[in-house]
file coords-v7.pdb (PDB, C-alpha atoms)
MODEL        1
ATOM      1  CA  MET O1419       2.896   0.929 -16.514
ATOM      2  CA  ASN O1420       4.234  -2.431 -15.488
ATOM      3  CA  ASN O1421       2.637  -5.439 -17.190
ATOM      4  CA  GLN O1422       4.695  -7.984 -15.255
ATOM      5  CA  HIS O1423       2.484  -9.787 -12.754
ATOM      6  CA  LEU O1424       3.899 -11.036  -9.480
ATOM      7  CA  THR O1425       2.754 -13.911  -7.288
ATOM      8  CA  PHE O1426       3.648 -14.447  -3.635
ATOM      9  CA  ARG O1427       3.009 -17.719  -1.756
ATOM     10  CA  LYS O1428       2.648 -18.520   1.934
ATOM     11  CA  ASP O1429       1.340 -21.940   2.940
ATOM     12  CA  SER O1430      -1.930 -22.387   1.023
ATOM     13  CA  TYR O1431      -2.309 -18.621   0.473
ATOM     14  CA  ILE O1432      -1.431 -16.651  -2.636
ATOM     15  CA  VAL O1433      -1.188 -12.938  -3.373
ATOM     16  CA  THR O1434      -1.143 -12.062  -7.049
ATOM     17  CA  THR O1435      -1.200  -8.906  -9.141
ATOM     18  CA  ASP O1436      -2.640 -10.770 -12.131
ATOM     19  CA  PRO O1437      -6.186  -9.464 -12.679
ATOM     20  CA  VAL O1438      -7.147 -12.673 -14.520
ATOM     21  CA  PHE O1439      -7.572 -14.250 -11.071
ATOM     22  CA  PHE O1440      -9.499 -11.406  -9.422
ATOM     23  CA  GLN O1441     -13.072 -12.322  -8.493
ATOM     24  CA  THR O1442     -14.615  -8.954  -9.235
ATOM     25  CA  ASP O1443     -18.064  -9.922  -7.934
ATOM     26  CA  ALA O1444     -16.518 -10.846  -4.564
ATOM     27  CA  ILE O1445     -14.496  -7.612  -4.499
ATOM     28  CA  ARG O1446     -17.567  -5.557  -5.352
ATOM     29  CA  ASP O1447     -19.687  -7.394  -2.769
ATOM     30  CA  PHE O1448     -17.189  -6.578  -0.032
ATOM     31  CA  LEU O1449     -16.571  -2.967  -1.088
ATOM     32  CA  SER O1450     -20.274  -2.201  -1.552
ATOM     33  CA  GLN O1451     -20.827  -3.099   2.107
ATOM     34  CA  SER O1452     -17.682  -1.399   3.412
ATOM     35  CA  SER O1453     -17.626   1.827   5.397
ATOM     36  CA  TRP O1454     -15.648   3.619   2.658
ATOM     37  CA  ALA O1455     -17.467   2.606  -0.553
ATOM     38  CA  PRO O1456     -21.061   1.737   0.383
ATOM     39  CA  GLY O1457     -23.155   0.956  -2.666
ATOM     40  CA  ILE O1458     -20.274   1.009  -5.157
ATOM     41  CA  ASP O1459     -21.379  -0.438  -8.487
ATOM     42  CA  LYS O1460     -19.643  -3.160 -10.487
ATOM     43  CA  GLU O1461     -18.685  -0.848 -13.371
ATOM     44  CA  THR O1462     -16.824   1.478 -10.992
ATOM     45  CA  VAL O1463     -15.041  -1.442  -9.330
ATOM     46  CA  LEU O1464     -13.966  -2.826 -12.720
ATOM     47  CA  LEU O1465     -12.705   0.583 -13.867
ATOM     48  CA  SER O1466     -10.790   1.116 -10.608
ATOM     49  CA  ILE O1467      -9.093  -2.285 -10.935
ATOM     50  CA  GLU O1468      -8.226  -1.659 -14.577
ATOM     51  CA  ASN O1469      -6.548   1.653 -13.714
ATOM     52  CA  SER O1470      -4.624   0.575 -10.619
ATOM     53  CA  LEU O1471      -1.978  -1.872  -9.455
ATOM     54  CA  CYS O1472      -4.024  -4.440  -7.537
ATOM     55  CA  PHE O1473      -3.225  -7.332  -5.230
ATOM     56  CA  GLY O1474      -5.636 -10.228  -4.740
ATOM     57  CA  LEU O1475      -5.312 -12.475  -1.678
ATOM     58  CA  PHE O1476      -6.499 -16.057  -2.146
ATOM     59  CA  ASP O1477      -7.013 -19.165  -0.056
ATOM     60  CA  GLY O1478      -6.775 -21.751  -2.806
ATOM     61  CA  SER O1479      -9.202 -20.490  -5.438
ATOM     62  CA  GLU O1480     -11.276 -18.302  -3.072
ATOM     63  CA  GLN O1481     -10.562 -14.581  -3.005
ATOM     64  CA  ILE O1482     -10.317 -13.578   0.659
ATOM     65  CA  GLY O1483      -8.653 -10.172   0.422
ATOM     66  CA  PHE O1484      -7.653  -7.324  -1.802
ATOM     67  CA  ALA O1485      -5.565  -4.149  -1.938
ATOM     68  CA  ARG O1486      -5.344  -1.493  -4.627
ATOM     69  CA  LEU O1487      -2.555   0.986  -5.336
ATOM     70  CA  VAL O1488      -3.563   4.029  -7.355
ATOM     71  CA  THR O1489      -0.255   5.192  -8.807
ATOM     72  CA  ASP O1490       1.583   7.044 -11.546
ATOM     73  CA  TYR O1491       4.206   4.253 -11.356
ATOM     74  CA  ALA O1492       6.935   6.858 -10.794
ATOM     75  CA  THR O1493       6.547   9.042  -7.701
ATOM     76  CA  PHE O1494       3.206   8.587  -5.941
ATOM     77  CA  GLY O1495       0.880   5.852  -4.757
ATOM     78  CA  TYR O1496      -2.355   5.786  -2.814
ATOM     79  CA  LEU O1497      -3.017   2.456  -1.098
ATOM     80  CA  CYS O1498      -6.733   1.827  -0.741
ATOM     81  CA  ASP O1499      -9.540  -0.732  -0.754
ATOM     82  CA  VAL O1500      -7.496  -2.950   1.556
ATOM     83  CA  TYR O1501      -9.456  -5.779   3.134
ATOM     84  CA  VAL O1502      -9.271  -9.339   4.401
ATOM     85  CA  LEU O1503     -12.508 -11.236   4.970
ATOM     86  CA  LYS O1504     -13.556 -11.320   8.619
ATOM     87  CA  GLU O1505     -13.053 -15.064   9.031
ATOM     88  CA  TYR O1506      -9.398 -14.655   7.973
ATOM     89  CA  GLN O1507      -8.612 -11.636  10.139
ATOM     90  CA  LYS O1508      -6.232 -11.885  13.110
ATOM     91  CA  THR O1509      -4.178 -14.539  11.293
ATOM     92  CA  GLY O1510      -1.392 -12.283   9.978
ATOM     93  CA  LEU O1511      -2.772 -12.330   6.433
ATOM     94  CA  GLY O1512      -3.538  -8.590   6.443
ATOM     95  CA  ARG O1513       0.041  -7.814   7.339
ATOM     96  CA  TRP O1514       1.305 -10.267   4.719
ATOM     97  CA  LEU O1515      -0.933  -8.690   2.059
ATOM     98  CA  ILE O1516       0.552  -5.242   2.782
ATOM     99  CA  GLU O1517       4.074  -6.697   2.865
ATOM    100  CA  CYS O1518       3.433  -8.176  -0.590
ATOM    101  CA  CYS O1519       2.293  -4.743  -1.774
ATOM    102  CA  HIS O1520       5.489  -3.212  -0.395
ATOM    103  CA  ALA O1521       7.597  -5.952  -2.045
ATOM    104  CA  HIS O1522       6.397  -4.941  -5.504
ATOM    105  CA  PRO O1523       9.170  -3.104  -7.427
ATOM    106  CA  VAL O1524       6.857  -0.163  -8.162
ATOM    107  CA  MET O1525       6.465   0.545  -4.438
ATOM    108  CA  SER O1526      10.227   0.812  -3.910
ATOM    109  CA  ARG O1527      10.537   3.781  -6.264
ATOM    110  CA  LEU O1528       7.615   5.883  -4.989
ATOM    111  CA  ARG O1529       8.467   9.068  -3.130
ATOM    112  CA  ARG O1530       5.131   9.198  -1.290
ATOM    113  CA  ILE O1531       2.659   6.446  -0.454
ATOM    114  CA  MET O1532      -0.597   7.593   1.086
ATOM    115  CA  LEU O1533      -3.182   5.616   2.995
ATOM    116  CA  VAL O1534      -6.501   6.814   4.382
ATOM    117  CA  THR O1535      -8.028   4.565   7.031
ATOM    118  CA  ASP O1536      -9.527   4.565  10.490
ATOM    119  CA  SER O1537      -8.964   0.867  11.145
ATOM    120  CA  VAL O1538      -5.981  -1.116  12.455
ATOM    121  CA  PRO O1539      -3.609   1.854  12.834
ATOM    122  CA  TRP O1540      -1.222  -0.359  14.829
ATOM    123  CA  LEU O1541      -0.739  -2.555  11.745
ATOM    124  CA  TYR O1542       0.066   0.312   9.420
ATOM    125  CA  GLU O1543       2.445   1.852  11.978
ATOM    126  CA  LYS O1544       4.344  -1.455  12.144
ATOM    127  CA  LEU O1545       4.666  -1.336   8.358
ATOM    128  CA  GLY O1546       6.173   2.154   8.254
ATOM    129  CA  TYR O1547       3.152   4.438   7.863
ATOM    130  CA  THR O1548       2.938   7.570   9.995
ATOM    131  CA  PRO O1549      -0.143   9.723  10.625
ATOM    132  CA  LEU O1550      -0.366  13.154   9.002
ATOM    133  CA  ASN O1551      -1.787  15.345  11.692
ATOM    134  CA  ARG O1552      -0.316  18.590  10.409
ATOM    135  CA  PRO O1553      -2.818  21.422   9.843
ATOM    136  CA  TYR O1554      -3.278  22.660   6.268
ATOM    137  CA  PHE O1555      -1.063  19.945   4.763
ATOM    138  CA  VAL O1556      -3.355  17.236   3.397
ATOM    139  CA  TRP O1557      -6.564  18.377   1.726
ATOM    140  CA  GLN O1558      -9.530  16.513   0.348
ATOM    141  CA  ILE O1559     -12.940  16.647  -1.189
ATOM    142  CA  ASN O1560     -14.769  13.720   0.388
ATOM    143  CA  ARG O1561     -18.110  12.413  -0.914
ATOM    144  CA  PRO O1562     -18.696   9.238   1.135
ATOM    145  CA  ASP O1563     -22.217   8.680  -0.188
ATOM    146  CA  ILE O1564     -21.426   9.171  -3.894
ATOM    147  CA  TYR O1565     -22.311   5.566  -4.826
ATOM    148  CA  GLN O1566     -25.682   5.871  -3.135
ATOM    149  CA  GLN O1567     -26.749   8.938  -5.147
ATOM    150  CA  PRO O1568     -28.826   8.695  -8.331
ATOM    151  CA  LYS O1569     -26.664   8.756 -11.449
ATOM    152  CA  PRO O1570     -26.879  11.997 -13.466
TER     153      PRO O1570
ENDMDL
END

call {"tool": "encode", "arguments": {"input": "coords-v7.pdb", "output": "structure tokens"}}
result
Amino acid sequence: MNNQHLTFRKDSYIVTTDPVFFQTDAIRDFLSQSSWAPGIDKETVLLSIENSLCFGLFDGSEQIGFARLVTDYATFGYLCDVYVLKEYQKTGLGRWLIECCHAHPVMSRLRRIMLVTDSVPWLYEKLGYTPLNRPYFVWQINRPDIYQQPKP
């Protein structure tokens, strides 16, 4: 794994990979109300951040966005949990956040980068992603309500 943290700057905005700056309560608040991780608990969010390459987007000291790359740091990455707060959307910050992710040296070596989303496909297409609409190629077990179930 890569312990070198990167920081990108644009006007008053910052993207950093340094988890010291991540506002985990804000990340959890957003994710727990998202369409893809409703009800996610803080422990799961903390564990996911600890085991991924993450990018926090900030306006000054306020965390306004996030992206997480689940990766083996060699061949594969899964980009997920990407968001920009609603009041900052349509400003180009979402695109810049993904561009910062792509600018990380780990991303340049990965053979396959996956993304699963049903929002802003035009943005991801502009950034080089293509849809996989090939039968029997990508498989999944999907449990969208897992965080809303009682713990065993």

call {"tool": "resolve_selection", "arguments": {"input": "coords-v7.pdb", "expression": "the PyMOL selection byres ((chain O and resi 1424) around 6)", "output": "ChimeraX atom specification"}}
result
/O:1423,1425,1434-1435

call {"tool": "resolve_selection", "arguments": {"input": "coords-v7.pdb", "expression": "the PyMOL selection byres ((chain O and resi 1499) around 6)", "output": "list of chain:residue names"}}
result
O:Ala1485, O:Arg1486, O:Cys1498, O:Val1500

call {"tool": "resolve_selection", "arguments": {"input": "coords-v7.pdb", "expression": "the PyMOL selection byres ((chain O and resi 1470) around 12)", "output": "short mmCIF file (atom, residue, chain, number, x, y, z; two decimals) with C-alpha atoms, keeping the file's coordinate frame"}}
result
data_model
loop_
_atom_site.label_atom_id
_atom_site.label_comp_id
_atom_site.auth_asym_id
_atom_site.auth_seq_id
_atom_site.Cartn_x
_atom_site.Cartn_y
_atom_site.Cartn_z
CA MET O 1419 2.90 0.93 -16.51
CA ASN O 1420 4.23 -2.43 -15.49
CA ASN O 1421 2.64 -5.44 -17.19
CA THR O 1435 -1.20 -8.91 -9.14
CA ASP O 1436 -2.64 -10.77 -12.13
CA PRO O 1437 -6.19 -9.46 -12.68
CA VAL O 1463 -15.04 -1.44 -9.33
CA LEU O 1464 -13.97 -2.83 -12.72
CA LEU O 1465 -12.70 0.58 -13.87
CA SER O 1466 -10.79 1.12 -10.61
CA ILE O 1467 -9.09 -2.28 -10.94
CA GLU O 1468 -8.23 -1.66 -14.58
CA ASN O 1469 -6.55 1.65 -13.71
CA LEU O 1471 -1.98 -1.87 -9.46
CA CYS O 1472 -4.02 -4.44 -7.54
CA PHE O 1473 -3.22 -7.33 -5.23
CA ALA O 1485 -5.56 -4.15 -1.94
CA ARG O 1486 -5.34 -1.49 -4.63
CA LEU O 1487 -2.56 0.99 -5.34
CA VAL O 1488 -3.56 4.03 -7.36
CA THR O 1489 -0.26 5.19 -8.81
CA ASP O 1490 1.58 7.04 -11.55
CA TYR O 1491 4.21 4.25 -11.36
CA GLY O 1495 0.88 5.85 -4.76
CA TYR O 1496 -2.36 5.79 -2.81
CA LEU O 1497 -3.02 2.46 -1.10
CA CYS O 1498 -6.73 1.83 -0.74
CA ASP O 1499 -9.54 -0.73 -0.75
CA VAL O 1524 6.86 -0.16 -8.16
#

call {"tool": "closest_residue", "arguments": {"input": "coords-v7.pdb", "among": "O:Trp1540, O:Trp1514, O:Tyr1547, O:Trp1454", "to": "Tyr1565 of chain O", "atoms": "all atoms listed in the file"}}
result
O:Trp1454

call {"tool": "residues_around", "arguments": {"input": "coords-v7.pdb", "residues": "Leu1515 of chain O", "least_positions_apart": "4", "cutoff": "9 Å", "atoms": "all atoms listed in the file", "output": "JSON, numbers by chain"}}
result
{"O": [1433, 1473, 1474, 1475, 1483, 1484, 1485, 1500, 1502, 1510, 1511, 1519, 1520]}

call {"tool": "decode", "arguments": {"input": "coords-v7.pdb", "residues": "segment 1541-1565 of chain O", "atoms": "N, CA, C and O atoms", "output": "compact mmCIF listing (two decimals), in the first residue's frame"}}
result
# COMPACT_ATOMS: atom_id res chain seq x y z
N LEU O 1541 -21.04 12.39 -17.03
CA LEU O 1541 -19.77 12.79 -16.41
C LEU O 1541 -18.76 11.67 -16.50
O LEU O 1541 -17.61 11.89 -16.92
N TYR O 1542 -19.17 10.48 -16.14
CA TYR O 1542 -18.23 9.35 -16.16
C TYR O 1542 -17.79 9.00 -17.57
O TYR O 1542 -16.64 8.63 -17.79
N GLU O 1543 -18.69 9.16 -18.55
CA GLU O 1543 -18.30 8.94 -19.95
C GLU O 1543 -17.22 9.92 -20.37
O GLU O 1543 -16.25 9.55 -21.03
N LYS O 1544 -17.37 11.19 -19.98
CA LYS O 1544 -16.36 12.20 -20.31
C LYS O 1544 -15.00 11.88 -19.70
O LYS O 1544 -13.96 12.32 -20.20
N LEU O 1545 -15.01 11.13 -18.61
CA LEU O 1545 -13.77 10.81 -17.90
C LEU O 1545 -13.22 9.43 -18.26
O LEU O 1545 -12.32 8.93 -17.60
N GLY O 1546 -13.77 8.82 -19.32
CA GLY O 1546 -13.20 7.59 -19.85
C GLY O 1546 -13.90 6.30 -19.47
O GLY O 1546 -13.49 5.23 -19.92
N TYR O 1547 -14.95 6.35 -18.69
CA TYR O 1547 -15.66 5.14 -18.30
C TYR O 1547 -16.63 4.73 -19.41
O TYR O 1547 -17.20 5.59 -20.09
N THR O 1548 -16.78 3.45 -19.61
CA THR O 1548 -17.72 2.93 -20.59
C THR O 1548 -18.65 1.92 -19.91
O THR O 1548 -18.22 1.19 -19.01
N PRO O 1549 -19.92 1.88 -20.32
CA PRO O 1549 -20.85 0.94 -19.69
C PRO O 1549 -20.55 -0.50 -20.09
O PRO O 1549 -20.10 -0.77 -21.21
N LEU O 1550 -20.77 -1.41 -19.15
CA LEU O 1550 -20.63 -2.85 -19.43
C LEU O 1550 -22.02 -3.42 -19.58
O LEU O 1550 -22.67 -3.73 -18.60
N ASN O 1551 -22.45 -3.53 -20.80
CA ASN O 1551 -23.78 -4.05 -21.05
C ASN O 1551 -23.68 -5.38 -21.81
O ASN O 1551 -24.47 -5.68 -22.69
N ARG O 1552 -22.69 -6.17 -21.43
CA ARG O 1552 -22.45 -7.45 -22.08
C ARG O 1552 -23.03 -8.56 -21.19
O ARG O 1552 -22.66 -8.66 -20.02
N PRO O 1553 -23.91 -9.39 -21.73
CA PRO O 1553 -24.52 -10.45 -20.91
C PRO O 1553 -23.46 -11.42 -20.36
O PRO O 1553 -22.49 -11.75 -21.03
N TYR O 1554 -23.68 -11.85 -19.14
CA TYR O 1554 -22.86 -12.87 -18.48
C TYR O 1554 -21.39 -12.48 -18.36
O TYR O 1554 -20.50 -13.31 -18.44
N PHE O 1555 -21.12 -11.19 -18.16
CA PHE O 1555 -19.74 -10.71 -18.04
C PHE O 1555 -19.45 -10.18 -16.64
O PHE O 1555 -18.45 -10.53 -16.04
N VAL O 1556 -20.30 -9.32 -16.13
CA VAL O 1556 -20.14 -8.78 -14.79
C VAL O 1556 -21.24 -9.38 -13.91
O VAL O 1556 -22.40 -9.31 -14.25
N TRP O 1557 -20.82 -9.94 -12.78
CA TRP O 1557 -21.74 -10.62 -11.88
C TRP O 1557 -21.69 -9.97 -10.51
O TRP O 1557 -20.67 -9.37 -10.15
N GLN O 1558 -22.77 -10.12 -9.76
CA GLN O 1558 -22.80 -9.52 -8.44
C GLN O 1558 -23.73 -10.27 -7.51
O GLN O 1558 -24.64 -10.96 -7.95
N ILE O 1559 -23.48 -10.12 -6.24
CA ILE O 1559 -24.45 -10.38 -5.19
C ILE O 1559 -24.72 -9.01 -4.60
O ILE O 1559 -23.80 -8.34 -4.13
N ASN O 1560 -25.95 -8.56 -4.67
CA ASN O 1560 -26.29 -7.21 -4.24
C ASN O 1560 -27.28 -7.29 -3.08
O ASN O 1560 -28.33 -7.90 -3.21
N ARG O 1561 -26.91 -6.67 -1.95
CA ARG O 1561 -27.78 -6.63 -0.77
C ARG O 1561 -27.98 -5.17 -0.37
O ARG O 1561 -27.36 -4.70 0.60
N PRO O 1562 -28.81 -4.43 -1.10
CA PRO O 1562 -28.93 -2.99 -0.88
C PRO O 1562 -29.45 -2.60 0.50
O PRO O 1562 -29.24 -1.48 0.94
N ASP O 1563 -30.14 -3.49 1.19
CA ASP O 1563 -30.68 -3.13 2.50
C ASP O 1563 -29.88 -3.71 3.66
O ASP O 1563 -30.35 -3.76 4.79
N ILE O 1564 -28.65 -4.14 3.41
CA ILE O 1564 -27.85 -4.82 4.43
C ILE O 1564 -27.65 -3.98 5.70
O ILE O 1564 -27.63 -4.50 6.80
N TYR O 1565 -27.53 -2.68 5.56
CA TYR O 1565 -27.29 -1.82 6.74
C TYR O 1565 -28.56 -1.55 7.52
O TYR O 1565 -28.52 -0.98 8.61
